[in-house]
>>> print(open('start_10.txt').read())   # compact mmCIF, C-alpha atoms and all ligand atoms
# COMPACT_ATOMS: atom_id res chain seq x y z
CA MET A 1 183.07 189.55 -13.65
CA ALA A 2 183.49 185.76 -13.88
CA ILE A 3 185.18 184.45 -17.06
CA SER A 4 182.83 182.74 -19.47
CA TYR A 5 184.34 179.68 -21.12
CA ASN A 6 183.39 178.36 -24.55
CA LEU A 7 183.34 174.71 -23.65
CA LEU A 8 183.33 172.43 -20.62
CA ILE A 9 184.27 168.77 -20.89
CA LYS A 10 182.93 167.24 -17.72
CA ASN A 11 182.97 163.92 -15.89
CA GLY A 12 185.84 162.42 -17.91
CA ARG A 13 188.94 160.59 -16.70
CA VAL A 14 191.47 163.06 -17.98
CA TYR A 15 195.10 162.27 -18.81
CA THR A 16 196.84 165.26 -17.22
CA SER A 17 200.58 165.81 -16.80
CA VAL A 18 200.30 164.04 -13.42
CA GLY A 19 198.38 161.07 -14.81
CA LEU A 20 194.68 160.17 -14.95
CA LYS A 21 192.38 162.44 -12.93
CA SER A 22 188.64 162.96 -12.71
CA ILE A 23 188.67 166.64 -13.54
CA ASP A 24 186.69 169.07 -15.68
CA ILE A 25 188.38 170.75 -18.66
CA TRP A 26 187.41 174.37 -19.33
CA ILE A 27 188.23 175.72 -22.76
CA LYS A 28 188.37 179.29 -23.98
CA ASN A 29 189.48 180.51 -27.41
CA GLY A 30 190.77 177.06 -28.31
CA LYS A 31 193.01 176.77 -25.26
CA ILE A 32 192.74 174.73 -22.09
CA SER A 33 192.03 177.59 -19.68
CA SER A 34 191.26 175.82 -16.45
CA LEU A 35 191.41 172.30 -15.07
CA GLY A 36 188.72 172.06 -12.40
CA GLY A 37 185.97 174.55 -11.72
CA PRO A 38 183.26 175.51 -11.14
CA HIS A 39 182.92 178.10 -13.87
CA HIS A 40 180.37 178.87 -16.53
CA ALA A 41 180.60 177.60 -20.13
CA GLU A 42 178.49 178.14 -23.22
CA GLU A 43 178.53 174.45 -24.14
CA THR A 44 179.14 171.20 -22.32
CA ILE A 45 180.31 167.76 -23.42
CA ASN A 46 179.57 164.98 -20.97
CA ALA A 47 182.50 162.52 -21.01
CA ARG A 48 181.15 160.24 -18.25
CA GLY A 49 182.76 156.82 -18.48
CA MET A 50 185.30 158.07 -21.03
CA LEU A 51 189.00 158.76 -21.13
CA VAL A 52 190.09 162.17 -22.31
CA LEU A 53 193.58 162.08 -23.83
CA PRO A 54 195.76 164.66 -25.56
CA GLY A 55 195.32 164.46 -29.33
CA ALA A 56 197.89 162.32 -31.09
CA ILE A 57 200.63 164.01 -33.13
CA ASP A 58 201.60 161.84 -36.08
CA VAL A 59 205.08 162.97 -37.03
CA HIS A 60 205.26 160.89 -40.21
CA VAL A 61 202.49 161.02 -42.83
CA HIS A 62 202.56 161.10 -46.64
CA PHE A 63 199.40 162.93 -47.72
CA ARG A 64 200.51 162.91 -51.40
CA GLU A 65 199.22 166.41 -52.27
CA PRO A 66 200.46 168.04 -54.46
CA GLY A 67 200.92 165.15 -56.83
CA ALA A 68 199.36 161.73 -56.43
CA THR A 69 196.00 162.95 -55.14
CA TYR A 70 194.30 159.82 -56.42
CA LYS A 71 196.05 158.05 -53.50
CA GLU A 72 195.38 160.76 -50.88
CA ASN A 73 194.95 164.50 -50.54
CA TRP A 74 194.95 166.90 -47.62
CA GLU A 75 191.22 166.64 -47.12
CA SER A 76 191.00 162.83 -47.12
CA GLY A 77 194.26 162.34 -45.23
CA SER A 78 193.44 164.84 -42.51
CA LEU A 79 189.88 163.51 -42.14
CA SER A 80 191.41 160.07 -41.73
CA ALA A 81 193.72 161.54 -39.08
CA ALA A 82 190.86 163.19 -37.17
CA ALA A 83 188.78 160.00 -37.21
CA GLY A 84 191.74 158.18 -35.67
CA GLY A 85 192.37 160.73 -32.91
CA VAL A 86 195.30 162.47 -34.62
CA THR A 87 195.07 166.24 -34.17
CA THR A 88 198.41 167.28 -35.72
CA VAL A 89 200.34 165.73 -38.59
CA ILE A 90 203.80 166.28 -39.99
CA ASP A 91 203.75 165.76 -43.75
CA GLN A 92 206.78 164.37 -45.57
CA PRO A 93 208.38 166.02 -48.61
CA ASN A 94 208.20 163.22 -51.21
CA THR A 95 205.17 164.69 -52.96
CA GLU A 96 205.14 165.87 -56.59
CA PRO A 97 206.78 168.34 -56.79
CA LYS A 98 208.97 167.36 -53.86
CA THR A 99 209.15 169.95 -51.09
CA LEU A 100 212.70 171.06 -51.79
CA ASP A 101 212.57 174.88 -51.82
CA SER A 102 210.41 177.79 -50.69
CA ARG A 103 208.31 177.63 -53.85
CA SER A 104 207.28 173.99 -53.49
CA PHE A 105 206.84 174.60 -49.76
CA LYS A 106 204.41 177.48 -50.41
CA LEU A 107 202.46 175.39 -52.91
CA LYS A 108 201.95 172.67 -50.28
CA LEU A 109 201.22 175.19 -47.54
CA ASP A 110 198.47 176.71 -49.65
CA LEU A 111 196.86 173.33 -50.41
CA ALA A 112 197.06 172.17 -46.81
CA SER A 113 195.77 175.49 -45.43
CA HIS A 114 192.67 175.25 -47.62
CA ASN A 115 191.96 171.59 -47.06
CA SER A 116 193.29 170.18 -43.81
CA VAL A 117 190.87 169.50 -40.95
CA VAL A 118 193.67 168.99 -38.41
CA ASP A 119 196.67 171.14 -37.57
CA PHE A 120 199.75 170.41 -39.62
CA CYS A 121 203.47 170.85 -40.08
CA ILE A 122 205.42 170.48 -43.30
CA ASN A 123 208.86 168.92 -43.57
CA GLY A 124 211.33 169.93 -46.26
CA GLY A 125 213.46 167.51 -48.23
CA PRO A 126 217.22 167.75 -48.76
CA GLY A 127 216.99 170.58 -51.30
CA ILE A 128 217.66 174.26 -50.62
CA ILE A 129 217.85 173.72 -46.90
CA ASN A 130 218.33 177.30 -45.72
CA ASP A 131 215.43 178.43 -47.83
CA LEU A 132 213.18 175.72 -46.39
CA VAL A 133 214.18 176.45 -42.81
CA LYS A 134 213.43 180.16 -43.31
CA SER A 135 210.03 179.21 -44.76
CA GLY A 136 209.12 177.45 -41.51
CA VAL A 137 209.55 173.73 -42.17
CA THR A 138 209.50 171.58 -39.06
CA ALA A 139 212.45 169.36 -39.94
CA ILE A 140 214.53 168.25 -42.92
CA GLY A 141 213.46 164.77 -43.93
CA GLU A 142 212.63 162.08 -44.23
CA VAL A 143 215.98 161.92 -45.96
CA PHE A 144 215.97 158.59 -47.83
CA SER A 145 219.51 157.49 -47.09
CA TYR A 146 219.44 154.86 -49.87
CA GLU A 147 219.06 157.65 -52.45
CA PHE A 148 222.42 159.21 -51.58
CA SER A 149 226.12 158.41 -51.43
CA ASP A 150 227.96 158.76 -48.13
CA ILE A 151 229.54 162.01 -49.31
CA GLU A 152 226.17 163.46 -50.30
CA LEU A 153 224.61 162.43 -46.98
CA GLN A 154 227.41 164.01 -44.98
CA LYS A 155 226.96 167.22 -46.94
CA ILE A 156 223.21 167.22 -46.30
CA LEU A 157 223.68 166.63 -42.57
CA LYS A 158 226.27 169.40 -42.35
CA GLU A 159 223.92 171.84 -44.08
CA VAL A 160 221.03 170.87 -41.81
CA GLU A 161 223.24 171.42 -38.77
CA THR A 162 224.37 174.82 -40.03
CA ALA A 163 220.73 175.81 -40.56
CA HIS A 164 219.96 174.73 -36.93
CA ALA A 165 217.37 172.26 -38.15
CA LEU A 166 216.62 168.67 -37.22
CA PRO A 167 217.37 165.96 -39.81
CA THR A 168 215.03 162.96 -39.90
CA ILE A 169 216.62 159.95 -41.50
CA HIS A 170 215.08 157.00 -43.29
CA SER A 171 217.90 154.61 -42.47
CA GLU A 172 218.67 152.01 -45.14
CA ASP A 173 222.22 152.07 -46.46
CA ARG A 174 222.47 152.46 -50.24
CA GLU A 175 225.43 150.14 -50.72
CA VAL A 176 223.92 147.28 -48.71
CA VAL A 177 220.51 147.63 -50.37
CA GLU A 178 222.04 147.71 -53.86
CA GLN A 179 224.27 144.70 -53.22
CA GLU A 180 221.54 142.56 -51.65
CA THR A 181 218.91 143.56 -54.20
CA GLU A 182 221.24 142.40 -56.96
CA ALA A 183 221.57 139.03 -55.24
CA TRP A 184 217.81 138.46 -54.79
CA LYS A 185 216.07 140.28 -57.60
CA HIS A 186 215.55 137.17 -59.78
CA LEU A 187 213.13 135.77 -57.17
CA HIS A 188 209.55 136.93 -56.63
CA ASP A 189 208.31 135.53 -53.31
CA PRO A 190 207.46 138.66 -51.24
CA ILE A 191 209.76 137.52 -48.43
CA ILE A 192 212.67 138.19 -50.80
CA TYR A 193 212.04 141.91 -50.37
CA SER A 194 213.03 141.65 -46.71
CA LYS A 195 216.20 139.77 -47.68
CA ALA A 196 217.05 142.42 -50.29
CA ARG A 197 216.89 145.14 -47.64
CA PRO A 198 218.28 143.26 -44.62
CA ASN A 199 218.66 144.36 -40.98
CA LYS A 200 222.25 145.18 -41.78
CA ALA A 201 221.12 147.95 -44.17
CA GLU A 202 219.38 149.73 -41.30
CA ALA A 203 222.22 149.17 -38.82
CA VAL A 204 224.89 150.45 -41.22
CA ALA A 205 222.83 153.53 -42.13
CA ILE A 206 222.18 154.38 -38.47
CA GLU A 207 225.80 153.85 -37.53
CA LYS A 208 226.94 156.20 -40.29
CA ALA A 209 224.32 158.85 -39.50
CA LEU A 210 225.31 158.77 -35.82
CA SER A 211 228.94 159.29 -36.75
CA TRP A 212 228.08 162.30 -38.95
CA SER A 213 225.50 164.10 -36.84
CA LYS A 214 225.05 164.64 -33.12
CA ASN A 215 221.43 165.74 -33.29
CA LEU A 216 219.13 163.59 -35.37
CA HIS A 217 215.86 161.73 -35.56
CA ILE A 218 215.61 158.22 -37.00
CA CYS A 219 212.38 157.44 -38.86
CA HIS A 220 210.45 154.15 -38.53
CA LEU A 221 213.03 151.99 -36.75
CA SER A 222 212.55 148.33 -37.68
CA THR A 223 215.40 146.21 -36.32
CA LEU A 224 216.89 144.94 -33.09
CA GLU A 225 220.33 146.01 -34.33
CA GLY A 226 219.16 149.56 -35.02
CA LEU A 227 217.56 149.77 -31.60
CA GLU A 228 220.79 148.66 -29.92
CA LEU A 229 222.77 151.33 -31.75
CA ILE A 230 220.30 154.00 -30.66
CA ARG A 231 220.35 152.82 -27.04
CA GLU A 232 224.13 152.93 -27.08
CA ALA A 233 224.19 156.42 -28.63
CA LYS A 234 221.66 157.73 -26.11
CA GLY A 235 223.83 156.25 -23.37
CA LYS A 236 226.75 158.32 -24.68
CA GLY A 237 224.65 161.48 -24.57
CA ILE A 238 224.13 161.81 -28.34
CA LYS A 239 220.92 163.70 -29.12
CA VAL A 240 219.17 161.01 -31.11
CA THR A 241 215.49 160.16 -31.07
CA CYS A 242 213.54 157.60 -33.06
CA GLU A 243 210.10 156.46 -34.02
CA VAL A 244 208.46 153.11 -34.70
CA ALA A 245 205.47 152.43 -36.95
CA PRO A 246 202.58 150.13 -35.98
CA HIS A 247 203.23 147.87 -39.00
CA HIS A 248 206.73 147.05 -37.76
CA LEU A 249 205.29 146.14 -34.34
CA LEU A 250 202.27 144.19 -35.53
CA PHE A 251 203.49 142.34 -38.64
CA ASP A 252 206.51 140.17 -39.36
CA ILE A 253 207.73 138.31 -42.46
CA LYS A 254 205.23 135.47 -41.86
CA ASP A 255 202.45 137.91 -42.70
CA TYR A 256 203.59 138.10 -46.34
CA LEU A 257 201.95 134.68 -46.73
CA LYS A 258 198.49 136.19 -46.45
CA GLN A 259 198.92 139.80 -47.55
CA LYS A 260 201.79 139.44 -50.05
CA SER A 261 203.04 142.67 -51.62
CA PHE A 262 200.30 144.63 -49.82
CA LEU A 263 202.76 144.43 -46.91
CA LYS A 264 205.67 145.79 -48.93
CA VAL A 265 207.05 148.70 -46.91
CA ASN A 266 210.38 150.51 -46.65
CA PRO A 267 212.09 149.52 -44.42
CA PRO A 268 210.65 146.04 -44.94
CA LEU A 269 208.98 143.68 -42.48
CA ARG A 270 211.38 141.83 -40.20
CA ASN A 271 211.49 138.69 -38.02
CA SER A 272 209.40 138.22 -34.88
CA LYS A 273 212.54 138.77 -32.78
CA ASP A 274 212.78 142.30 -34.21
CA CYS A 275 209.09 142.93 -33.45
CA ASN A 276 209.61 141.77 -29.87
CA ALA A 277 212.66 144.01 -29.48
CA LEU A 278 210.70 146.99 -30.85
CA TRP A 279 207.90 146.40 -28.33
CA ILE A 280 210.47 146.33 -25.53
CA GLY A 281 212.09 149.51 -26.86
CA LEU A 282 208.73 151.25 -27.09
CA ARG A 283 207.80 150.19 -23.55
CA ASP A 284 211.09 151.29 -21.98
CA GLY A 285 211.20 154.58 -23.91
CA SER A 286 214.33 153.79 -25.95
CA ILE A 287 211.94 154.29 -28.87
CA ASP A 288 210.61 157.77 -28.27
CA ILE A 289 207.73 158.10 -30.69
CA LEU A 290 204.99 156.08 -32.37
CA ALA A 291 204.34 157.37 -35.90
CA SER A 292 202.22 155.84 -38.62
CA ASP A 293 204.35 156.37 -41.75
CA HIS A 294 200.92 156.66 -43.41
CA ALA A 295 201.87 155.85 -47.02
CA PRO A 296 198.71 155.28 -49.05
CA HIS A 297 198.76 153.46 -52.39
CA LEU A 298 195.79 151.95 -54.22
CA PRO A 299 194.98 148.20 -54.05
CA GLU A 300 195.46 147.94 -57.83
CA GLU A 301 199.05 149.10 -57.36
CA LYS A 302 199.72 147.03 -54.26
CA LYS A 303 198.66 143.72 -55.82
CA ASP A 304 201.49 143.83 -58.33
CA ASP A 305 204.62 141.67 -58.18
CA ILE A 306 206.73 142.44 -55.08
CA TRP A 307 209.29 144.35 -57.14
CA GLU A 308 206.65 146.40 -58.97
CA ALA A 309 204.29 147.27 -56.10
CA PRO A 310 204.99 150.63 -54.41
CA PRO A 311 206.14 150.43 -50.79
CA GLY A 312 203.87 151.68 -48.02
CA VAL A 313 200.64 151.07 -46.13
CA PRO A 314 197.99 153.51 -44.90
CA GLY A 315 197.92 153.91 -41.11
CA VAL A 316 197.14 157.39 -39.76
CA GLU A 317 193.57 156.44 -38.80
CA THR A 318 194.37 153.09 -37.23
CA MET A 319 197.51 153.94 -35.21
CA LEU A 320 195.91 155.21 -32.01
CA PRO A 321 192.95 152.75 -32.13
CA LEU A 322 195.34 149.78 -32.49
CA MET A 323 197.59 151.06 -29.74
CA LEU A 324 194.68 151.72 -27.36
CA MET A 325 193.91 148.05 -27.93
CA ALA A 326 197.53 147.21 -27.11
CA VAL A 327 197.07 149.10 -23.83
CA LYS A 328 193.96 147.02 -23.10
CA ARG A 329 196.02 143.88 -23.71
CA ASN A 330 198.76 145.12 -21.37
CA LEU A 331 201.32 145.29 -24.17
CA LEU A 332 201.88 148.96 -23.41
CA SER A 333 201.02 151.29 -20.52
CA LEU A 334 198.63 154.16 -21.15
CA GLU A 335 201.33 156.44 -19.78
CA ARG A 336 203.85 155.34 -22.41
CA LEU A 337 201.27 155.46 -25.20
CA VAL A 338 200.37 159.09 -24.43
CA ASP A 339 204.05 159.96 -24.15
CA ALA A 340 204.85 158.25 -27.48
CA VAL A 341 201.99 159.73 -29.52
CA SER A 342 201.56 163.15 -27.94
CA THR A 343 204.07 164.45 -25.41
CA LYS A 344 207.34 163.27 -26.98
CA PRO A 345 206.40 164.21 -30.56
CA ALA A 346 205.57 167.75 -29.35
CA TYR A 347 208.87 167.96 -27.49
CA VAL A 348 211.11 166.51 -30.21
CA PHE A 349 209.58 168.63 -32.99
CA GLY A 350 209.22 171.79 -30.92
CA LEU A 351 205.41 172.03 -30.99
CA THR A 352 205.19 173.94 -27.73
CA SER A 353 201.41 174.51 -27.75
CA LYS A 354 200.66 170.82 -28.24
CA GLY A 355 201.15 167.42 -26.66
CA SER A 356 199.56 167.46 -23.21
CA ILE A 357 196.49 168.45 -21.25
CA GLU A 358 197.72 171.46 -19.33
CA VAL A 359 196.45 174.98 -18.81
CA GLY A 360 197.68 177.18 -21.66
CA LYS A 361 198.00 174.38 -24.24
CA ASP A 362 195.77 174.02 -27.29
CA ALA A 363 192.65 172.02 -26.47
CA ASP A 364 193.55 169.14 -28.81
CA LEU A 365 191.71 166.24 -27.24
CA VAL A 366 190.42 162.74 -27.91
CA VAL A 367 187.49 161.28 -26.05
CA VAL A 368 187.74 157.50 -25.83
CA ASP A 369 185.40 154.82 -24.56
CA SER A 370 187.86 152.04 -23.84
CA LYS A 371 185.04 149.49 -23.57
CA ARG A 372 184.01 150.05 -27.20
CA ILE A 373 186.09 147.62 -29.19
CA SER A 374 185.34 147.31 -32.89
CA GLN A 375 186.88 145.48 -35.81
CA ILE A 376 188.80 147.54 -38.32
CA ASN A 377 186.93 147.70 -41.60
CA ALA A 378 188.33 149.55 -44.62
CA ASP A 379 184.80 150.59 -45.64
CA ARG A 380 184.59 152.74 -42.53
CA LEU A 381 188.01 154.39 -42.92
CA HIS A 382 188.54 157.66 -44.74
CA SER A 383 191.81 157.32 -46.64
CA ARG A 384 191.62 157.33 -50.43
CA ALA A 385 193.81 154.24 -50.31
CA ASP A 386 190.56 152.37 -49.64
CA TRP A 387 192.17 149.37 -47.97
CA THR A 388 193.96 148.59 -44.72
CA PRO A 389 196.47 145.92 -43.75
CA TYR A 390 194.64 145.70 -40.39
CA GLU A 391 191.27 144.51 -41.74
CA GLY A 392 189.36 142.66 -38.98
CA LYS A 393 191.79 143.54 -36.19
CA PRO A 394 190.22 144.75 -32.95
CA ALA A 395 190.70 148.44 -32.19
CA ILE A 396 189.33 151.25 -30.02
CA PHE A 397 188.38 154.25 -32.16
CA PRO A 398 187.85 157.60 -30.44
CA GLN A 399 184.29 158.81 -29.91
CA MET A 400 185.29 162.38 -30.55
CA THR A 401 188.32 164.38 -31.67
CA LEU A 402 188.76 168.07 -30.84
CA VAL A 403 191.28 170.45 -32.36
CA ARG A 404 191.76 173.76 -30.52
CA GLY A 405 188.51 173.27 -28.60
CA GLN A 406 186.42 172.51 -31.66
CA VAL A 407 184.89 169.07 -32.27
CA VAL A 408 186.25 168.15 -35.68
CA TYR A 409 185.06 164.56 -35.82
CA ASP A 410 182.51 162.60 -33.79
CA GLY A 411 181.49 159.94 -36.28
CA ASP A 412 180.94 162.73 -38.81
CA LEU A 413 183.08 165.63 -39.89
CA GLN A 414 181.96 168.68 -37.92
CA ILE A 415 184.01 171.46 -39.48
CA ARG A 416 184.92 172.72 -42.90
CA PRO A 417 188.17 171.59 -44.56
CA GLY A 418 190.65 174.41 -44.04
CA TYR A 419 190.03 174.55 -40.27
CA GLY A 420 193.47 173.00 -39.69
CA ARG A 421 196.26 175.49 -39.04
CA PHE A 422 199.87 175.48 -40.10
CA LEU A 423 202.28 175.24 -37.18
CA GLU A 424 205.31 177.23 -38.07
CA LYS A 425 208.57 175.93 -36.74
CA GLN A 426 209.36 177.15 -33.24
CA ARG A 427 212.95 175.84 -33.08
CA VAL A 428 214.04 172.44 -31.83
CA LEU A 429 215.00 172.42 -28.16
CA SER A 430 218.72 172.02 -27.72
O1 LIG A 501 207.05 152.24 -47.29
C1 LIG A 501 207.27 153.43 -47.42
N1 LIG A 501 206.53 154.22 -48.23
N2 LIG A 501 208.31 153.96 -46.77
C2 LIG A 501 208.70 155.23 -46.96
O2 LIG A 501 209.60 155.64 -46.29
C3 LIG A 501 208.04 156.07 -47.99
C4 LIG A 501 206.66 155.63 -48.20
C5 LIG A 501 205.95 156.28 -49.37
O3 LIG A 501 206.05 157.49 -49.52
O4 LIG A 501 205.22 155.59 -50.07
>>> encode(input="start_10.txt", output="structure tokens")
Amino acid sequence: MAISYNLLIKNGRVYTSVGLKSIDIWIKNGKISSLGGPHHAEETINARGMLVLPGAIDVHVHFREPGATYKENWESGSLSAAAGGVTTVIDQPNTEPKTLDSRSFKLKLDLASHNSVVDFCINGGPGIINDLVKSGVTAIGEVFSYEFSDIELQKILKEVETAHALPTIHSEDREVVEQETEAWKHLHDPIIYSKARPNKAEAVAIEKALSWSKNLHICHLSTLEGLELIREAKGKGIKVTCEVAPHHLLFDIKDYLKQKSFLKVNPPLRNSKDCNALWIGLRDGSIDILASDHAPHLPEEKKDDIWEAPPGVPGVETMLPLMLMAVKRNLLSLERLVDAVSTKPAYVFGLTSKGSIEVGKDADLVVVDSKRISQINADRLHSRADWTPYEGKPAIFPQMTLVRGQVVYDGDLQIRPGYGRFLEKQRVLS
């Protein structure tokens, strides 16, 4: 008897592992079961005139739950992800309580399992590392290097290595940041924040991390110097990968003029020469991954003095739409974009069922009409942050987002919170 499929996505231009193809996608039990037909399916989505891409995997989000749920929670954060074409997220451990042991891990797992609309992973912080790894965390980090002494950092990296886990490092050297902050803290122009955490802080932190660990991931790279160190290390065969956030590509220190402390982020905004270098690194693949560092805070908090405002901007919903626009403007190839938001994240973080449109993979898909450009408007976004640094910027939002063959968002939420599944760690490839 012929197999009956649950869903057919027909007439789309599909981004397969051999590039764009006009091919039908047949889905059964949440998996891509056949590329090309004909077969029979219970339901059909007509994607004529549309691109069908693998869902984005955002390896760096701060969904704030448990803890500061007035800024974000699993439901709002994951809805925001789905609306922006993100089908899997990796949540960071700096919640309240911090995810530092199996107990805090289980608390977060329970909240996410009941409320997430997209699939999710949970990172553990530098706490009881063995315990966290056994619980199924995806990686250890982000480790905020400026919170630790060199001796403490070396100890953390050693423990992560012994536990066969991947460390992800927020690279800003404590000593440099403390020294420079002391020198600038009497001034209040937002640009001072970038001087207080200079390029050197990132370069020194990366250099040290590379000397202490031979398998690591660098979070939100922001400087030319950091990029050069990573290129050099990759050239020597060191297993280092890195990510860049849209805000470090799209804003530089001149943007403080208009948005002031709303653009306070860690690491801080840099010069246009750093932005240009990051674009080059992203294009040539020296920067492996695009990740949002979605870090929601409320406008009331962000409008404070530069030293008082919390660092971070929301971004999970706007990352793919902004970058699809960058593809349209020839700043990035579609091939590299898909690699940086889907394929590479799946590879680096060991998400073997995710990341590409291939038979046997989860049917995590985004349907995109690349002719439909709209202006970003915070009123139409879903984060509890309720503002965006990208207000008015042109972007291409997906028409539809599917997770494991189920439409989760098509302008409206189509499933119940709790549909998202936890992806237990399946070991980093070595
Ligand atoms: O700007 C940032 N905000 N950078 C980080 O690394 C953390 C984040 C947050 O959690 O608010």
>>> closest_residue(input="start_10.txt", among="A:His39, A:Lys258, A:His297, A:Lys155", to="A:His62", atoms="all atoms listed in the file")
A:His297
>>> residues_near_ligand(input="start_10.txt", ligand="ligand LIG 501 (chain A)", cutoff="8 Å", atoms="all atoms listed in the file", output="PyMOL selection string")
chain A and resi 62+64+92+94+142+144+170+220+264-268+293-297+310-313
>>> residues_around(input="start_10.txt", residues="A:Val367", least_positions_apart="4", cutoff="8 Å", atoms="only C-alpha atoms", output="VMD selection string")
chain A and resid 47 50 to 53 398 to 401
>>> axis_aligned_box(input="start_10.txt", around="stretch 148-158 of chain A", padding_each_side="6 Å", output="AutoDock Vina command-line options")
--center_x 226.0 --center_y 163.9 --center_z -47.0 --size_x 19.1 --size_y 23.0 --size_z 21.2
>>> residues_around(input="start_10.txt", residues="A:Glu308", least_positions_apart="2", cutoff="12 Å", atoms="only C-alpha atoms", output="list in words")
Lys185, His188, Pro190, Tyr193, Ser261, Phe262, Lys264, Glu300, Glu301, Lys302, Lys303, Asp304, Asp305, Ile306, Pro310 and Pro311 of chain A
>>> write_last_selection(input="start_10.txt", atoms="C-alpha atoms", output="short mmCIF file (atom, residue, chain, number, x, y, z; two decimals), in the coordinates of the input")
data_model
loop_
_atom_site.label_atom_id
_atom_site.label_comp_id
_atom_site.auth_asym_id
_atom_site.auth_seq_id
_atom_site.Cartn_x
_atom_site.Cartn_y
_atom_site.Cartn_z
CA LYS A 185 216.07 140.28 -57.60
CA HIS A 188 209.55 136.93 -56.63
CA PRO A 190 207.46 138.66 -51.24
CA TYR A 193 212.04 141.91 -50.37
CA SER A 261 203.04 142.67 -51.62
CA PHE A 262 200.30 144.63 -49.82
CA LYS A 264 205.67 145.79 -48.93
CA GLU A 300 195.46 147.94 -57.83
CA GLU A 301 199.05 149.10 -57.36
CA LYS A 302 199.72 147.03 -54.26
CA LYS A 303 198.66 143.72 -55.82
CA ASP A 304 201.49 143.83 -58.33
CA ASP A 305 204.62 141.67 -58.18
CA ILE A 306 206.73 142.44 -55.08
CA PRO A 310 204.99 150.63 -54.41
CA PRO A 311 206.14 150.43 -50.79
#
>>> atom_distance(input="start_10.txt", atom1="atom CA of A:Ala385", atom2="atom CA of A:Glu317")
11.7 Å
>>> atom_distance(input="start_10.txt", atom1="atom CA of A:Ile218", atom2="atom CA of A:Cys242")
4.5 Å
>>> residues_near_point(input="start_10.txt", point="(195.2, 149.8, -29.6)", cutoff="10 Å", atoms="all atoms listed in the file", output="short mmCIF file (atom, residue, chain, number, x, y, z; two decimals) with C-alpha atoms, in the frame of the given file")
data_model
loop_
_atom_site.label_atom_id
_atom_site.label_comp_id
_atom_site.auth_asym_id
_atom_site.auth_seq_id
_atom_site.Cartn_x
_atom_site.Cartn_y
_atom_site.Cartn_z
CA PRO A 246 202.58 150.13 -35.98
CA THR A 318 194.37 153.09 -37.23
CA MET A 319 197.51 153.94 -35.21
CA LEU A 320 195.91 155.21 -32.01
CA PRO A 321 192.95 152.75 -32.13
CA LEU A 322 195.34 149.78 -32.49
CA MET A 323 197.59 151.06 -29.74
CA LEU A 324 194.68 151.72 -27.36
CA MET A 325 193.91 148.05 -27.93
CA ALA A 326 197.53 147.21 -27.11
CA VAL A 327 197.07 149.10 -23.83
CA LYS A 328 193.96 147.02 -23.10
CA ARG A 329 196.02 143.88 -23.71
CA LEU A 331 201.32 145.29 -24.17
CA LEU A 332 201.88 148.96 -23.41
CA LEU A 337 201.27 155.46 -25.20
CA SER A 370 187.86 152.04 -23.84
CA ILE A 373 186.09 147.62 -29.19
CA LYS A 393 191.79 143.54 -36.19
CA PRO A 394 190.22 144.75 -32.95
CA ALA A 395 190.70 148.44 -32.19
CA ILE A 396 189.33 151.25 -30.02
CA PHE A 397 188.38 154.25 -32.16
#
>>> residues_near_point(input="start_10.txt", point="(225.1, 146.0, -44.7)", cutoff="12 Å", atoms="all atoms listed in the file", output="mmCIF file with C-alpha atoms, in the coordinates of the input")
data_model
loop_
_atom_site.group_PDB
_atom_site.id
_atom_site.type_symbol
_atom_site.label_atom_id
_atom_site.label_comp_id
_atom_site.auth_asym_id
_atom_site.auth_seq_id
_atom_site.Cartn_x
_atom_site.Cartn_y
_atom_site.Cartn_z
ATOM 1 C CA TYR A 146 219.440 154.860 -49.870
ATOM 2 C CA SER A 171 217.900 154.610 -42.470
ATOM 3 C CA GLU A 172 218.670 152.010 -45.140
ATOM 4 C CA ASP A 173 222.220 152.070 -46.460
ATOM 5 C CA ARG A 174 222.470 152.460 -50.240
ATOM 6 C CA GLU A 175 225.430 150.140 -50.720
ATOM 7 C CA VAL A 176 223.920 147.280 -48.710
ATOM 8 C CA VAL A 177 220.510 147.630 -50.370
ATOM 9 C CA GLU A 178 222.040 147.710 -53.860
ATOM 10 C CA GLN A 179 224.270 144.700 -53.220
ATOM 11 C CA GLU A 180 221.540 142.560 -51.650
ATOM 12 C CA THR A 181 218.910 143.560 -54.200
ATOM 13 C CA LYS A 195 216.200 139.770 -47.680
ATOM 14 C CA ALA A 196 217.050 142.420 -50.290
ATOM 15 C CA ARG A 197 216.890 145.140 -47.640
ATOM 16 C CA PRO A 198 218.280 143.260 -44.620
ATOM 17 C CA ASN A 199 218.660 144.360 -40.980
ATOM 18 C CA LYS A 200 222.250 145.180 -41.780
ATOM 19 C CA ALA A 201 221.120 147.950 -44.170
ATOM 20 C CA GLU A 202 219.380 149.730 -41.300
ATOM 21 C CA ALA A 203 222.220 149.170 -38.820
ATOM 22 C CA VAL A 204 224.890 150.450 -41.220
ATOM 23 C CA ALA A 205 222.830 153.530 -42.130
ATOM 24 C CA ILE A 206 222.180 154.380 -38.470
ATOM 25 C CA GLU A 207 225.800 153.850 -37.530
ATOM 26 C CA LYS A 208 226.940 156.200 -40.290
ATOM 27 C CA GLU A 225 220.330 146.010 -34.330
ATOM 28 C CA GLY A 226 219.160 149.560 -35.020
#
>>> closest_residue(input="start_10.txt", among="A:Ala340, A:Leu278, A:Leu7, A:Ala233", to="A:Leu250", atoms="all atoms listed in the file")
A:Leu278
>>> residues_around(input="start_10.txt", residues="stretch 362-365 of chain A", least_positions_apart="3", cutoff="8 Å", atoms="only C-alpha atoms", output="list in words")
Ile27, Gly30, Lys31, Ile32, Val52, Leu53, Pro54, Gly55, Gly85, Thr87, Ser353, Lys354, Ile357, Thr401, Leu402, Val403, Arg404 and Gly405 of chain A
